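Asks: Input model-v8.pdb, format and content: PDB, C-alpha atoms.
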ATOM      1  CA  MET A   1      -2.665 -21.665   5.047  1.00  0.00           C
ATOM      2  CA  SER A   2      -1.690 -21.425   1.387  1.00  0.00           C
ATOM      3  CA  GLY A   3      -2.086 -18.454  -0.915  1.00  0.00           C
ATOM      4  CA  GLY A   4      -5.123 -19.986  -2.609  1.00  0.00           C
ATOM      5  CA  GLU A   5      -6.912 -20.376   0.713  1.00  0.00           C
ATOM      6  CA  TYR A   6      -6.993 -16.643   1.402  1.00  0.00           C
ATOM      7  CA  GLY A   7      -7.745 -15.408  -2.102  1.00  0.00           C
ATOM      8  CA  TYR A   8     -11.131 -14.072  -1.000  1.00  0.00           C
ATOM      9  CA  GLN A   9      -9.526 -11.822   1.614  1.00  0.00           C
ATOM     10  CA  VAL A  10      -7.031 -10.479  -0.941  1.00  0.00           C
ATOM     11  CA  VAL A  11      -9.833  -9.740  -3.432  1.00  0.00           C
ATOM     12  CA  ARG A  12     -11.869  -8.023  -0.721  1.00  0.00           C
ATOM     13  CA  PHE A  13      -8.825  -5.954   0.310  1.00  0.00           C
ATOM     14  CA  ARG A  14      -8.173  -4.947  -3.328  1.00  0.00           C
ATOM     15  CA  GLU A  15     -11.824  -3.941  -3.773  1.00  0.00           C
ATOM     16  CA  ARG A  16     -11.782  -1.891  -0.581  1.00  0.00           C
ATOM     17  CA  LEU A  17      -8.631  -0.043  -1.703  1.00  0.00           C
ATOM     18  CA  THR A  18      -9.847   0.758  -5.190  1.00  0.00           C
ATOM     19  CA  HIS A  19     -13.548   1.363  -4.555  1.00  0.00           C
ATOM     20  CA  GLY A  20     -13.754   2.112  -0.832  1.00  0.00           C
ATOM     21  CA  GLU A  21     -13.079   5.159   1.274  1.00  0.00           C
ATOM     22  CA  VAL A  22      -9.498   5.666   0.034  1.00  0.00           C
ATOM     23  CA  ALA A  23      -9.980   4.995  -3.709  1.00  0.00           C
ATOM     24  CA  GLU A  24      -6.253   4.249  -4.041  1.00  0.00           C
ATOM     25  CA  LEU A  25      -5.090   2.940  -7.413  1.00  0.00           C
ATOM     26  CA  GLY A  26      -1.351   3.313  -6.740  1.00  0.00           C
ATOM     27  CA  VAL A  27      -0.927   0.127  -4.681  1.00  0.00           C
ATOM     28  CA  ARG A  28      -0.088  -3.159  -6.342  1.00  0.00           C
ATOM     29  CA  ILE A  29      -1.179  -6.298  -4.461  1.00  0.00           C
ATOM     30  CA  GLU A  30       0.493  -9.624  -5.248  1.00  0.00           C
ATOM     31  CA  VAL A  31       0.362 -13.021  -3.594  1.00  0.00           C
ATOM     32  CA  ARG A  32       3.866 -14.474  -3.410  1.00  0.00           C
ATOM     33  CA  GLY A  33       3.721 -17.953  -1.949  1.00  0.00           C
ATOM     34  CA  GLU A  34       2.475 -17.536   1.616  1.00  0.00           C
ATOM     35  CA  VAL A  35       2.880 -13.732   1.726  1.00  0.00           C
ATOM     36  CA  VAL A  36       0.899 -10.837   0.274  1.00  0.00           C
ATOM     37  CA  LEU A  37       3.162  -8.119  -1.120  1.00  0.00           C
ATOM     38  CA  LEU A  38       2.007  -4.489  -1.270  1.00  0.00           C
ATOM     39  CA  THR A  39       4.042  -2.129  -3.439  1.00  0.00           C
ATOM     40  CA  GLY A  40       3.525   1.371  -4.742  1.00  0.00           C
ATOM     41  CA  THR A  41       4.067   5.082  -4.326  1.00  0.00           C
ATOM     42  CA  LEU A  42       1.645   7.125  -2.255  1.00  0.00           C
ATOM     43  CA  PRO A  43       1.203  10.897  -1.979  1.00  0.00           C
ATOM     44  CA  THR A  44       1.475  11.189   1.819  1.00  0.00           C
ATOM     45  CA  ALA A  45       2.600   9.305   4.906  1.00  0.00           C
ATOM     46  CA  ASP A  46      -0.970   9.561   6.231  1.00  0.00           C
ATOM     47  CA  ARG A  47      -2.236   7.740   3.137  1.00  0.00           C
ATOM     48  CA  ARG A  48       0.402   5.025   3.623  1.00  0.00           C
ATOM     49  CA  ASP A  49      -0.631   4.612   7.259  1.00  0.00           C
ATOM     50  CA  GLU A  50      -4.287   4.386   6.230  1.00  0.00           C
ATOM     51  CA  ILE A  51      -3.475   1.680   3.648  1.00  0.00           C
ATOM     52  CA  LEU A  52      -1.553  -0.285   6.294  1.00  0.00           C
ATOM     53  CA  ARG A  53      -4.477  -0.037   8.741  1.00  0.00           C
ATOM     54  CA  ILE A  54      -6.848  -1.372   6.089  1.00  0.00           C
ATOM     55  CA  ALA A  55      -4.385  -4.162   5.220  1.00  0.00           C
ATOM     56  CA  GLU A  56      -4.166  -5.234   8.859  1.00  0.00           C
ATOM     57  CA  ALA A  57      -7.973  -5.365   9.092  1.00  0.00           C
ATOM     58  CA  GLU A  58      -8.674  -7.079   5.767  1.00  0.00           C
ATOM     59  CA  LEU A  59      -5.682  -9.435   5.759  1.00  0.00           C
ATOM     60  CA  ALA A  60      -5.998 -10.480   9.410  1.00  0.00           C
ATOM     61  CA  GLY A  61      -3.999 -13.665   9.928  1.00  0.00           C
ATOM     62  CA  ILE A  62      -2.264 -13.406   6.549  1.00  0.00           C
ATOM     63  CA  PRO A  63       1.411 -12.424   6.496  1.00  0.00           C
ATOM     64  CA  PHE A  64       2.005  -9.372   4.336  1.00  0.00           C
ATOM     65  CA  HIS A  65       4.975  -7.223   3.455  1.00  0.00           C
ATOM     66  CA  ALA A  66       4.495  -3.571   2.530  1.00  0.00           C
ATOM     67  CA  ASP A  67       6.986  -1.721   0.355  1.00  0.00           C
ATOM     68  CA  LEU A  68       5.011   1.525   0.099  1.00  0.00           C
ATOM     69  CA  VAL A  69       6.996   4.656  -0.725  1.00  0.00           C
ATOM     70  CA  VAL A  70       5.861   8.201   0.002  1.00  0.00           C
ATOM     71  CA  ALA A  71       6.459  10.569  -2.909  1.00  0.00           C
ATOM     72  CA  GLY A  72       8.663  13.491  -1.945  1.00  0.00           C
ATOM     73  CA  ALA A  73       6.474  16.490  -2.747  1.00  0.00           C
ATOM     74  CA  ASP A  74       7.972  18.860  -0.206  1.00  0.00           C
ATOM     75  CA  PRO A  75       9.697  21.971  -1.510  1.00  0.00           C
ATOM     76  CA  PRO A  76      13.495  21.937  -1.309  1.00  0.00           C
ATOM     77  CA  ASP A  77      14.970  23.097   1.977  1.00  0.00           C
ATOM     78  CA  ARG A  78      17.655  25.180   0.243  1.00  0.00           C
ATOM     79  CA  LEU A  79      18.174  27.061  -3.009  1.00  0.00           C
ATOM     80  CA  GLU A  80      19.656  25.166  -5.903  1.00  0.00           C
ATOM     81  CA  GLU A  81      22.790  26.801  -7.252  1.00  0.00           C
ATOM     82  CA  LEU A  82      22.960  26.828 -11.043  1.00  0.00           C
ATOM     83  CA  ARG A  83      26.250  27.364 -12.878  1.00  0.00           C
TER      84      ARG A  83
END
Hey, can you dump this file as structure tokens for me?

Replies:
Amino acid sequence: MSGGEYGYQVVRFRERLTHGEVAELGVRIEVRGEVVLLTGTLPTADRRDEILRIAEAELAGIPFHADLVVAGADPPDRLEELR
């Protein structure tokens, strides 16, 4: 299966991410040869997991690689010492 043969699935996945239940605009979707590459920064690990579940459903049978980073929005665990 070549990248052009699964273009419809990639478009459907992109539409579901941007206009579906998650409305996520922070994920970039690229077809690189035989693999779909997902990159971006997400606000929570739950959101990342949700994106991966949708990818597995929409890109069934298509190899994909996800490089999705969770933004560190937690407060620091210790005081910062200023000098």

Asks: Using all atoms listed in the file, which residues sit within 12 Å of Asp46 in chain A once same-chain residues fewer than 6 positions away are excluded, as JSON, numbers by chain?

Replies: {"A": [22, 52, 53, 68, 69, 70, 71]}

Asks: Of the candidates A:Ala23, A:Thr18, A:Gly40, A:Glu34, which one gets nearest to Ile62 in chain A if we count only C-alpha atoms?

Replies: A:Glu34

Asks: Go ahead and find all residues with at least one atom no further than 12 Å from (-0.5, -15.6, 11.4) in the file's coordinates, using only C-alpha atoms; report them as a list in words.

Replies: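 Those within range, by chain then number, are Met1, Ser2, Tyr6, Glu34, Val35, Glu56, Leu59, Ala60, Gly61, Ile62, Pro63 and Phe64 of chain A.
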
Asks: Distance CA of Gln9 in chain A-CA of Arg47 in chain A, one decimal place?

Replies: 20.9 Å

Asks: Which one of A:Leu82, A:Val11, A:Leu17, A:Val31 sits closest to Ile51 in chain A if you count all atoms listed in the file?

Replies: A:Leu17

Asks: Go ahead and compute the interatomic distance for CA of Gly72 in chain A and CA of Pro43 in chain A, in Å to one decimal.

Replies: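 Separation of CA of Gly72 in chain A and CA of Pro43 in chain A: 7.9 Å.
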
Asks: Distance CA of Phe13 in chain A-CA of Gly33 in chain A, one decimal place?

Replies: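 CA of Phe13 in chain A sits 17.5 Å away from CA of Gly33 in chain A.
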
Asks: With 5 Å of padding per side, what axis-aligned box (centre and edge lengths, Å, one decimal) covers all the listed atoms of range 57-64 of chain A? Give it as JSON.

Replies:
{"center_x": -3.3, "center_y": -9.5, "center_z": 7.1, "size_x": 20.7, "size_y": 18.3, "size_z": 15.6}

Asks: Just checking: using only C-alpha atoms, which residue out of A:Ala66, A:Leu79, A:Ala45, A:Ala55 ends up closest to Glu15 in chain A?

Replies: A:Ala55

Asks: Just want the 10 Å neighbourhood of Thr39 in chain A, counted on all atoms listed in the file, with same-chain residues fewer than 2 positions away dropped. Output as JSON, numbers by chain.

Replies: {"A": [26, 27, 28, 29, 30, 36, 37, 41, 42, 65, 66, 67, 68, 69]}

Asks: Kindly reconstruct range 30-60 of chain A with N, CA and C atoms and present the result as a PDB file, keeping the file's coordinate frame.

Replies:
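Okay, this is what ended up in result19.pdb:
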ATOM      1  N   GLU A  30       0.111  -8.345  -4.662  1.00  0.00           N
ATOM      2  CA  GLU A  30       0.493  -9.624  -5.248  1.00  0.00           C
ATOM      3  C   GLU A  30       0.580 -10.683  -4.159  1.00  0.00           C
ATOM      4  N   VAL A  31       0.171 -11.898  -4.501  1.00  0.00           N
ATOM      5  CA  VAL A  31       0.362 -13.021  -3.594  1.00  0.00           C
ATOM      6  C   VAL A  31       1.630 -13.730  -4.047  1.00  0.00           C
ATOM      7  N   ARG A  32       2.588 -13.812  -3.130  1.00  0.00           N
ATOM      8  CA  ARG A  32       3.866 -14.474  -3.410  1.00  0.00           C
ATOM      9  C   ARG A  32       4.025 -15.617  -2.426  1.00  0.00           C
ATOM     10  N   GLY A  33       3.659 -16.808  -2.841  1.00  0.00           N
ATOM     11  CA  GLY A  33       3.721 -17.953  -1.949  1.00  0.00           C
ATOM     12  C   GLY A  33       2.757 -17.776  -0.799  1.00  0.00           C
ATOM     13  N   GLU A  34       3.289 -17.673   0.404  1.00  0.00           N
ATOM     14  CA  GLU A  34       2.475 -17.536   1.616  1.00  0.00           C
ATOM     15  C   GLU A  34       2.324 -16.087   2.074  1.00  0.00           C
ATOM     16  N   VAL A  35       2.849 -15.135   1.306  1.00  0.00           N
ATOM     17  CA  VAL A  35       2.880 -13.732   1.726  1.00  0.00           C
ATOM     18  C   VAL A  35       2.179 -12.862   0.676  1.00  0.00           C
ATOM     19  N   VAL A  36       1.482 -11.839   1.156  1.00  0.00           N
ATOM     20  CA  VAL A  36       0.899 -10.837   0.274  1.00  0.00           C
ATOM     21  C   VAL A  36       1.861  -9.657   0.252  1.00  0.00           C
ATOM     22  N   LEU A  37       2.210  -9.212  -0.940  1.00  0.00           N
ATOM     23  CA  LEU A  37       3.162  -8.119  -1.120  1.00  0.00           C
ATOM     24  C   LEU A  37       2.418  -6.879  -1.606  1.00  0.00           C
ATOM     25  N   LEU A  38       2.592  -5.777  -0.894  1.00  0.00           N
ATOM     26  CA  LEU A  38       2.007  -4.489  -1.270  1.00  0.00           C
ATOM     27  C   LEU A  38       3.136  -3.571  -1.716  1.00  0.00           C
ATOM     28  N   THR A  39       3.032  -3.050  -2.929  1.00  0.00           N
ATOM     29  CA  THR A  39       4.042  -2.129  -3.439  1.00  0.00           C
ATOM     30  C   THR A  39       3.358  -0.920  -4.061  1.00  0.00           C
ATOM     31  N   GLY A  40       4.070   0.193  -4.081  1.00  0.00           N
ATOM     32  CA  GLY A  40       3.525   1.371  -4.742  1.00  0.00           C
ATOM     33  C   GLY A  40       4.057   2.651  -4.139  1.00  0.00           C
ATOM     34  N   THR A  41       3.683   3.752  -4.780  1.00  0.00           N
ATOM     35  CA  THR A  41       4.067   5.082  -4.326  1.00  0.00           C
ATOM     36  C   THR A  41       2.797   5.831  -3.965  1.00  0.00           C
ATOM     37  N   LEU A  42       2.815   6.425  -2.771  1.00  0.00           N
ATOM     38  CA  LEU A  42       1.645   7.125  -2.255  1.00  0.00           C
ATOM     39  C   LEU A  42       1.968   8.597  -2.044  1.00  0.00           C
ATOM     40  N   PRO A  43       0.949   9.456  -2.071  1.00  0.00           N
ATOM     41  CA  PRO A  43       1.203  10.897  -1.979  1.00  0.00           C
ATOM     42  C   PRO A  43       1.615  11.384  -0.595  1.00  0.00           C
ATOM     43  N   THR A  44       1.166  10.711   0.469  1.00  0.00           N
ATOM     44  CA  THR A  44       1.475  11.189   1.819  1.00  0.00           C
ATOM     45  C   THR A  44       1.715  10.019   2.774  1.00  0.00           C
ATOM     46  N   ALA A  45       2.390  10.319   3.867  1.00  0.00           N
ATOM     47  CA  ALA A  45       2.600   9.305   4.906  1.00  0.00           C
ATOM     48  C   ALA A  45       1.275   8.915   5.553  1.00  0.00           C
ATOM     49  N   ASP A  46       0.353   9.872   5.678  1.00  0.00           N
ATOM     50  CA  ASP A  46      -0.970   9.561   6.231  1.00  0.00           C
ATOM     51  C   ASP A  46      -1.697   8.543   5.363  1.00  0.00           C
ATOM     52  N   ARG A  47      -1.585   8.692   4.051  1.00  0.00           N
ATOM     53  CA  ARG A  47      -2.236   7.740   3.137  1.00  0.00           C
ATOM     54  C   ARG A  47      -1.610   6.356   3.304  1.00  0.00           C
ATOM     55  N   ARG A  48      -0.280   6.303   3.406  1.00  0.00           N
ATOM     56  CA  ARG A  48       0.402   5.025   3.623  1.00  0.00           C
ATOM     57  C   ARG A  48      -0.080   4.368   4.917  1.00  0.00           C
ATOM     58  N   ASP A  49      -0.171   5.149   5.979  1.00  0.00           N
ATOM     59  CA  ASP A  49      -0.631   4.612   7.259  1.00  0.00           C
ATOM     60  C   ASP A  49      -2.065   4.097   7.160  1.00  0.00           C
ATOM     61  N   GLU A  50      -2.897   4.807   6.420  1.00  0.00           N
ATOM     62  CA  GLU A  50      -4.287   4.386   6.230  1.00  0.00           C
ATOM     63  C   GLU A  50      -4.346   3.060   5.462  1.00  0.00           C
ATOM     64  N   ILE A  51      -3.530   2.928   4.426  1.00  0.00           N
ATOM     65  CA  ILE A  51      -3.475   1.680   3.648  1.00  0.00           C
ATOM     66  C   ILE A  51      -3.026   0.532   4.552  1.00  0.00           C
ATOM     67  N   LEU A  52      -2.036   0.772   5.397  1.00  0.00           N
ATOM     68  CA  LEU A  52      -1.553  -0.285   6.294  1.00  0.00           C
ATOM     69  C   LEU A  52      -2.607  -0.674   7.317  1.00  0.00           C
ATOM     70  N   ARG A  53      -3.386   0.285   7.811  1.00  0.00           N
ATOM     71  CA  ARG A  53      -4.477  -0.037   8.741  1.00  0.00           C
ATOM     72  C   ARG A  53      -5.530  -0.914   8.064  1.00  0.00           C
ATOM     73  N   ILE A  54      -5.869  -0.580   6.831  1.00  0.00           N
ATOM     74  CA  ILE A  54      -6.848  -1.372   6.089  1.00  0.00           C
ATOM     75  C   ILE A  54      -6.290  -2.765   5.823  1.00  0.00           C
ATOM     76  N   ALA A  55      -5.010  -2.852   5.468  1.00  0.00           N
ATOM     77  CA  ALA A  55      -4.385  -4.162   5.220  1.00  0.00           C
ATOM     78  C   ALA A  55      -4.442  -5.029   6.466  1.00  0.00           C
ATOM     79  N   GLU A  56      -4.132  -4.462   7.612  1.00  0.00           N
ATOM     80  CA  GLU A  56      -4.166  -5.234   8.859  1.00  0.00           C
ATOM     81  C   GLU A  56      -5.572  -5.745   9.154  1.00  0.00           C
ATOM     82  N   ALA A  57      -6.593  -4.951   8.844  1.00  0.00           N
ATOM     83  CA  ALA A  57      -7.973  -5.365   9.092  1.00  0.00           C
ATOM     84  C   ALA A  57      -8.426  -6.421   8.087  1.00  0.00           C
ATOM     85  N   GLU A  58      -8.176  -6.185   6.820  1.00  0.00           N
ATOM     86  CA  GLU A  58      -8.674  -7.079   5.767  1.00  0.00           C
ATOM     87  C   GLU A  58      -7.845  -8.353   5.614  1.00  0.00           C
ATOM     88  N   LEU A  59      -6.565  -8.277   5.921  1.00  0.00           N
ATOM     89  CA  LEU A  59      -5.682  -9.435   5.759  1.00  0.00           C
ATOM     90  C   LEU A  59      -5.338 -10.060   7.106  1.00  0.00           C
ATOM     91  N   ALA A  60      -6.230  -9.939   8.067  1.00  0.00           N
ATOM     92  CA  ALA A  60      -5.998 -10.480   9.410  1.00  0.00           C
ATOM     93  C   ALA A  60      -5.608 -11.958   9.325  1.00  0.00           C
TER      94      ALA A  60
END
